[in-house]
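Chemist: Can you read through this structure? Questions will come right after.
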Amino acid sequence: MATQTETLTTRKAVQSVDGAIEEATAQVKERCQNLNSYPMWTVNDKISKLVPNPRAVPTKWTWSEMRQLMLDTAELVPEDMAERRALMMCNPGFGEVKGPSPYTTDTLYAGLQMVLPGETAPAHRHIAYAVRFIQESQKGFTSVAGHKMYLEHGDLVLTPSWQWHYHGNDGSKPTIWVDCLDIPLQIYGRTNFLETYPTPTVPDLVTDESPFHFQWEKTQKALDAQDSPHTVYHYLTNGSPFSKTIAAQAERIKKGQTARPPRETTSFIYVVKQGEGKTIIDAPTGQLTVEWNDKDVFVVPAWSKVTHVTGERGDAYLFALTDKSITDNLGLSRTDYARD
Ligand code: GTQ
């Protein structure tokens, strides 16, 4: 059997001591030239790796730094200068390839968006599916398909594909949240497009009970109803993942515990709801130990070995946006329970 370091190409090539394969392949390549064709076995390594191969690298965005940057950005860039005042969280694994780009993981984009009191991020709709996890809000709101929802720290709100939405803030403090959209998938499929609404807002009604709105209070209640050291809650709509592309989960890890989940073909954008601890990430693209605190964001690439360790201060609550819906729906999910 091939080892992890041996490649599919070298496995065959080592048998070709006399160069016969090279010569035969050269002949085939020449004949392929004018027929839009190419011998697959010479590029097998690029097509099939022996382990999953995300580009994303483990990365942390520290809340205190990002919050200050958001506040300063809001002073520099008035609301009417930006359709959305959002700062992308660009994974450096993509930097050299595409420059600043909307890849937080290989499949999902996340950004930080800020809406100041009285501002309106005008109504539009797009094919991309969006969700938002609220970091700070005091009467900040989003309006989705006519549902105007006031948001609080820890809430998750859905903006399904092609629904009109706009954002605002009826309070006196900044509203900041983490946006997550399936933009990398849309880039791959070349499917995303956006339509603007003729006016900044859309007719709507305030609603306390919307299928688009998951209040943190209920999530925490579900987590606290379990007694295990590490509890995972999956956000569902009518028993199924709310979206075909983006999934979300919340976790409670009791204080002073170590959690070692299996490694998966799923990648994670973690947002610390509250608590302190560290996460040791051993990813196909590198290793990083993230020391985290309230509201920090960090990325766990697919196929990482992950170890969460919580501090003694109290139980930690982590929230994560994942591409589990994508991998499950397309039959791409694999789990390695035997990780060391
Ligand atoms: O609020 O609709 O971060 O359309 C990126 C694109 C947020 C939004 C983003 C968007 C939005």
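FYI, nothing fancy with the structure tokens labels: chains A, B, ... in order, residues from 1 per chain, ligands from 1 as they appear.
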Please identify the residues whose atoms come within 10 Å of ligand 1, using only C-alpha atoms and all ligand atoms, and report them as a VMD selection string.
Modeler: chain A and resid 83 to 89 102 109 to 114 121 to 132 142 159 164 to 167 177 to 183 193 to 194
Chemist: Return as a ChimeraX atom specification the full set of residues in stretch 10-259 of chain A whose backbone-based DSSP assignment is strand (DSSP E or B).
Modeler: /A:59-61,86-88,109-115,120-126,130-136,140-144,147-151,156-159,165-169,175-181,194-196,205-206,213-214,230-234,236-237,240-241,247-253,258-259
Chemist: For the selection you just gave me, I'd like the residues written to a file as a PDB file, in the first residue's frame, keeping C-alpha atoms.
Modeler:
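Below you can see selection_13.pdb, which holds the result:
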ATOM      1  CA  THR A  59      -5.484  31.308  11.572  1.00  0.00           C
ATOM      2  CA  LYS A  60      -6.721  33.483  14.436  1.00  0.00           C
ATOM      3  CA  TRP A  61      -8.370  36.917  14.381  1.00  0.00           C
ATOM      4  CA  ALA A  86     -17.444  44.568   6.202  1.00  0.00           C
ATOM      5  CA  LEU A  87     -13.837  43.478   6.606  1.00  0.00           C
ATOM      6  CA  MET A  88     -13.069  40.100   5.095  1.00  0.00           C
ATOM      7  CA  TYR A 109     -16.116  33.253   3.501  1.00  0.00           C
ATOM      8  CA  ALA A 110     -16.416  35.108   6.793  1.00  0.00           C
ATOM      9  CA  GLY A 111     -16.169  38.812   7.482  1.00  0.00           C
ATOM     10  CA  LEU A 112     -16.860  41.261  10.275  1.00  0.00           C
ATOM     11  CA  GLN A 113     -19.631  43.743   9.586  1.00  0.00           C
ATOM     12  CA  MET A 114     -20.451  46.857  11.560  1.00  0.00           C
ATOM     13  CA  VAL A 115     -23.643  48.940  11.578  1.00  0.00           C
ATOM     14  CA  THR A 120     -28.756  51.359   7.075  1.00  0.00           C
ATOM     15  CA  ALA A 121     -26.931  48.744   5.007  1.00  0.00           C
ATOM     16  CA  PRO A 122     -29.289  48.911   2.012  1.00  0.00           C
ATOM     17  CA  ALA A 123     -31.519  46.115   0.775  1.00  0.00           C
ATOM     18  CA  HIS A 124     -30.213  43.613  -1.723  1.00  0.00           C
ATOM     19  CA  ARG A 125     -30.394  39.909  -2.449  1.00  0.00           C
ATOM     20  CA  HIS A 126     -27.921  37.419  -3.835  1.00  0.00           C
ATOM     21  CA  ALA A 130     -25.530  34.123   4.269  1.00  0.00           C
ATOM     22  CA  VAL A 131     -25.645  33.720   8.033  1.00  0.00           C
ATOM     23  CA  ARG A 132     -24.611  36.096  10.792  1.00  0.00           C
ATOM     24  CA  PHE A 133     -23.372  35.408  14.309  1.00  0.00           C
ATOM     25  CA  ILE A 134     -23.799  38.408  16.559  1.00  0.00           C
ATOM     26  CA  GLN A 135     -20.789  39.693  18.511  1.00  0.00           C
ATOM     27  CA  GLU A 136     -22.231  42.966  19.851  1.00  0.00           C
ATOM     28  CA  GLY A 140     -29.130  46.193  16.090  1.00  0.00           C
ATOM     29  CA  PHE A 141     -31.295  44.366  13.588  1.00  0.00           C
ATOM     30  CA  THR A 142     -31.429  42.606  10.288  1.00  0.00           C
ATOM     31  CA  SER A 143     -34.451  42.338   8.075  1.00  0.00           C
ATOM     32  CA  VAL A 144     -34.827  39.160   6.007  1.00  0.00           C
ATOM     33  CA  HIS A 147     -38.911  39.695   9.143  1.00  0.00           C
ATOM     34  CA  LYS A 148     -37.245  42.478  11.135  1.00  0.00           C
ATOM     35  CA  MET A 149     -35.266  40.840  13.923  1.00  0.00           C
ATOM     36  CA  TYR A 150     -33.515  42.562  16.844  1.00  0.00           C
ATOM     37  CA  LEU A 151     -30.272  40.780  17.589  1.00  0.00           C
ATOM     38  CA  LEU A 156     -27.506  33.312  14.754  1.00  0.00           C
ATOM     39  CA  VAL A 157     -29.567  34.716  11.914  1.00  0.00           C
ATOM     40  CA  LEU A 158     -30.098  33.190   8.475  1.00  0.00           C
ATOM     41  CA  THR A 159     -30.329  34.957   5.133  1.00  0.00           C
ATOM     42  CA  HIS A 165     -32.316  41.779   3.289  1.00  0.00           C
ATOM     43  CA  TYR A 166     -31.044  44.988   4.832  1.00  0.00           C
ATOM     44  CA  HIS A 167     -29.422  45.815   8.163  1.00  0.00           C
ATOM     45  CA  GLY A 168     -29.856  48.634  10.651  1.00  0.00           C
ATOM     46  CA  ASN A 169     -29.334  49.762  14.207  1.00  0.00           C
ATOM     47  CA  THR A 175     -23.618  46.471  16.107  1.00  0.00           C
ATOM     48  CA  ILE A 176     -20.907  44.040  15.018  1.00  0.00           C
ATOM     49  CA  TRP A 177     -21.357  40.523  13.729  1.00  0.00           C
ATOM     50  CA  VAL A 178     -19.568  37.764  11.852  1.00  0.00           C
ATOM     51  CA  ASP A 179     -20.964  37.304   8.344  1.00  0.00           C
ATOM     52  CA  CYS A 180     -20.531  33.938   6.701  1.00  0.00           C
ATOM     53  CA  LEU A 181     -21.405  33.280   3.068  1.00  0.00           C
ATOM     54  CA  LEU A 194     -26.671  40.325  -6.719  1.00  0.00           C
ATOM     55  CA  GLU A 195     -29.738  42.494  -7.210  1.00  0.00           C
ATOM     56  CA  THR A 196     -30.259  45.803  -5.422  1.00  0.00           C
ATOM     57  CA  LEU A 205     -42.632  43.648  10.519  1.00  0.00           C
ATOM     58  CA  VAL A 206     -40.764  43.178  13.797  1.00  0.00           C
ATOM     59  CA  HIS A 213     -33.516  33.668  14.051  1.00  0.00           C
ATOM     60  CA  PHE A 214     -31.814  31.344  16.568  1.00  0.00           C
ATOM     61  CA  HIS A 230     -18.074  18.249  25.717  1.00  0.00           C
ATOM     62  CA  THR A 231     -21.546  18.847  24.255  1.00  0.00           C
ATOM     63  CA  VAL A 232     -22.275  19.729  20.624  1.00  0.00           C
ATOM     64  CA  TYR A 233     -25.532  21.331  19.467  1.00  0.00           C
ATOM     65  CA  HIS A 234     -26.368  21.372  15.738  1.00  0.00           C
ATOM     66  CA  LEU A 236     -31.436  22.597  12.523  1.00  0.00           C
ATOM     67  CA  THR A 237     -34.636  23.693  10.835  1.00  0.00           C
ATOM     68  CA  SER A 240     -32.499  19.124   9.050  1.00  0.00           C
ATOM     69  CA  PRO A 241     -29.540  21.427   8.468  1.00  0.00           C
ATOM     70  CA  ALA A 247     -23.965  24.466   8.776  1.00  0.00           C
ATOM     71  CA  ALA A 248     -23.550  25.738  12.311  1.00  0.00           C
ATOM     72  CA  GLN A 249     -22.926  24.188  15.686  1.00  0.00           C
ATOM     73  CA  ALA A 250     -22.433  25.372  19.236  1.00  0.00           C
ATOM     74  CA  GLU A 251     -20.336  23.550  21.786  1.00  0.00           C
ATOM     75  CA  ARG A 252     -19.950  23.660  25.525  1.00  0.00           C
ATOM     76  CA  ILE A 253     -16.703  22.419  26.968  1.00  0.00           C
ATOM     77  CA  THR A 258      -9.695  18.561  27.108  1.00  0.00           C
ATOM     78  CA  ALA A 259     -11.776  17.650  24.037  1.00  0.00           C
TER      79      ALA A 259
END
Chemist: Considering only C-alpha atoms, state which residue in the set A:Pro58, A:Thr25, A:Ala283, A:Glu119 is at the smallest distance from A:Ala82.
Modeler: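 Among A:Pro58, A:Thr25, A:Ala283, A:Glu119, it is A:Glu119 that comes nearest to A:Ala82.
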Chemist: Going by DSSP on the backbone, which residues of stretch 168-308 of chain A come out as helix (DSSP H, G or I)? List them as a ChimeraX atom specification.
Modeler: /A:183-189,216-224
Chemist: Work out how far apart atom CA of A:Asn36 and atom CA of A:Lys49 are and give it in Å to one decimal.
Modeler: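 Pair atom CA of A:Asn36 / atom CA of A:Lys49 returns 24.2 Å.
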Chemist: Which neighbours of A:Pro229 fall inside 12 Å, counting only C-alpha atoms, when residues of the same chain fewer than 6 positions from it are skipped, and could you give them as a VMD selection string?
Modeler: chain A and resid 223 251 to 260 308 to 310 315 to 317
Chemist: Kindly export the residues of the current selection with C-alpha atoms, as a PDB file, in the first residue's frame.
Modeler:
ATOM      1  CA  LEU A 223     -26.255  22.748  25.706  1.00  0.00           C
ATOM      2  CA  GLU A 251     -20.336  23.550  21.786  1.00  0.00           C
ATOM      3  CA  ARG A 252     -19.950  23.660  25.525  1.00  0.00           C
ATOM      4  CA  ILE A 253     -16.703  22.419  26.968  1.00  0.00           C
ATOM      5  CA  LYS A 254     -16.739  22.353  30.713  1.00  0.00           C
ATOM      6  CA  LYS A 255     -13.970  24.164  32.554  1.00  0.00           C
ATOM      7  CA  GLY A 256     -10.622  22.441  32.894  1.00  0.00           C
ATOM      8  CA  GLN A 257     -11.459  19.845  30.210  1.00  0.00           C
ATOM      9  CA  THR A 258      -9.695  18.561  27.108  1.00  0.00           C
ATOM     10  CA  ALA A 259     -11.776  17.650  24.037  1.00  0.00           C
ATOM     11  CA  ARG A 260     -10.315  15.726  21.114  1.00  0.00           C
ATOM     12  CA  HIS A 308      -9.505  22.012  22.723  1.00  0.00           C
ATOM     13  CA  VAL A 309      -8.360  22.771  26.260  1.00  0.00           C
ATOM     14  CA  THR A 310     -10.474  24.996  28.470  1.00  0.00           C
ATOM     15  CA  ASP A 315     -17.267  26.576  31.074  1.00  0.00           C
ATOM     16  CA  ALA A 316     -16.462  27.668  27.518  1.00  0.00           C
ATOM     17  CA  TYR A 317     -19.054  28.107  24.792  1.00  0.00           C
TER      18      TYR A 317
END
Chemist: Compile the contact shell of stretch 62-75 of chain A as a list in words: residues with an atom at most 7 Å away, counting only C-alpha atoms, same-chain residues fewer than 5 positions apart removed.
Modeler: Met114, Lys295, Asp296 and Val297 of chain A
Chemist: Create the file for the chosen residues now, containing all heavy atoms and written as a short mmCIF file (atom, residue, chain, number, x, y, z; two decimals), in the first residue's frame.
Modeler:
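Printed below is part-v5.cif as written:
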data_model
loop_
_atom_site.label_atom_id
_atom_site.label_comp_id
_atom_site.auth_asym_id
_atom_site.auth_seq_id
_atom_site.Cartn_x
_atom_site.Cartn_y
_atom_site.Cartn_z
N MET A 114 -20.07 45.92 10.50
CA MET A 114 -20.45 46.86 11.56
C MET A 114 -21.55 47.79 11.07
O MET A 114 -21.48 48.30 9.95
CB MET A 114 -19.23 47.68 11.91
CG MET A 114 -19.47 48.73 12.92
SD MET A 114 -17.85 49.00 13.64
CE MET A 114 -18.21 50.13 14.80
N LYS A 295 -15.06 36.11 21.97
CA LYS A 295 -15.29 36.72 20.65
C LYS A 295 -14.14 36.57 19.66
O LYS A 295 -14.23 37.10 18.54
CB LYS A 295 -15.69 38.20 20.79
CG LYS A 295 -16.99 38.36 21.57
CD LYS A 295 -17.39 39.81 21.72
CE LYS A 295 -18.62 39.90 22.63
NZ LYS A 295 -18.89 41.23 23.10
N ASP A 296 -13.05 35.92 20.04
CA ASP A 296 -12.00 35.66 19.05
C ASP A 296 -12.55 34.71 17.98
O ASP A 296 -13.48 33.93 18.23
CB ASP A 296 -10.78 34.99 19.71
CG ASP A 296 -10.00 35.96 20.60
OD1 ASP A 296 -10.19 37.19 20.46
OD2 ASP A 296 -9.21 35.49 21.43
N VAL A 297 -11.96 34.80 16.80
CA VAL A 297 -12.35 33.93 15.68
C VAL A 297 -11.12 33.13 15.26
O VAL A 297 -10.01 33.68 15.21
CB VAL A 297 -12.86 34.78 14.49
CG1 VAL A 297 -13.25 33.88 13.31
CG2 VAL A 297 -14.05 35.65 14.90
#
Chemist: Quick one, how far is atom CA of A:Thr279 from atom CA of A:Gly93?
Modeler: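 Between these atoms lies a distance of 19.1 Å.
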Chemist: How far is it from atom CA of A:Gly118 to atom CA of A:Val77, in Å with one decimal?
Modeler: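 Pair atom CA of A:Gly118 / atom CA of A:Val77 returns 15.2 Å.
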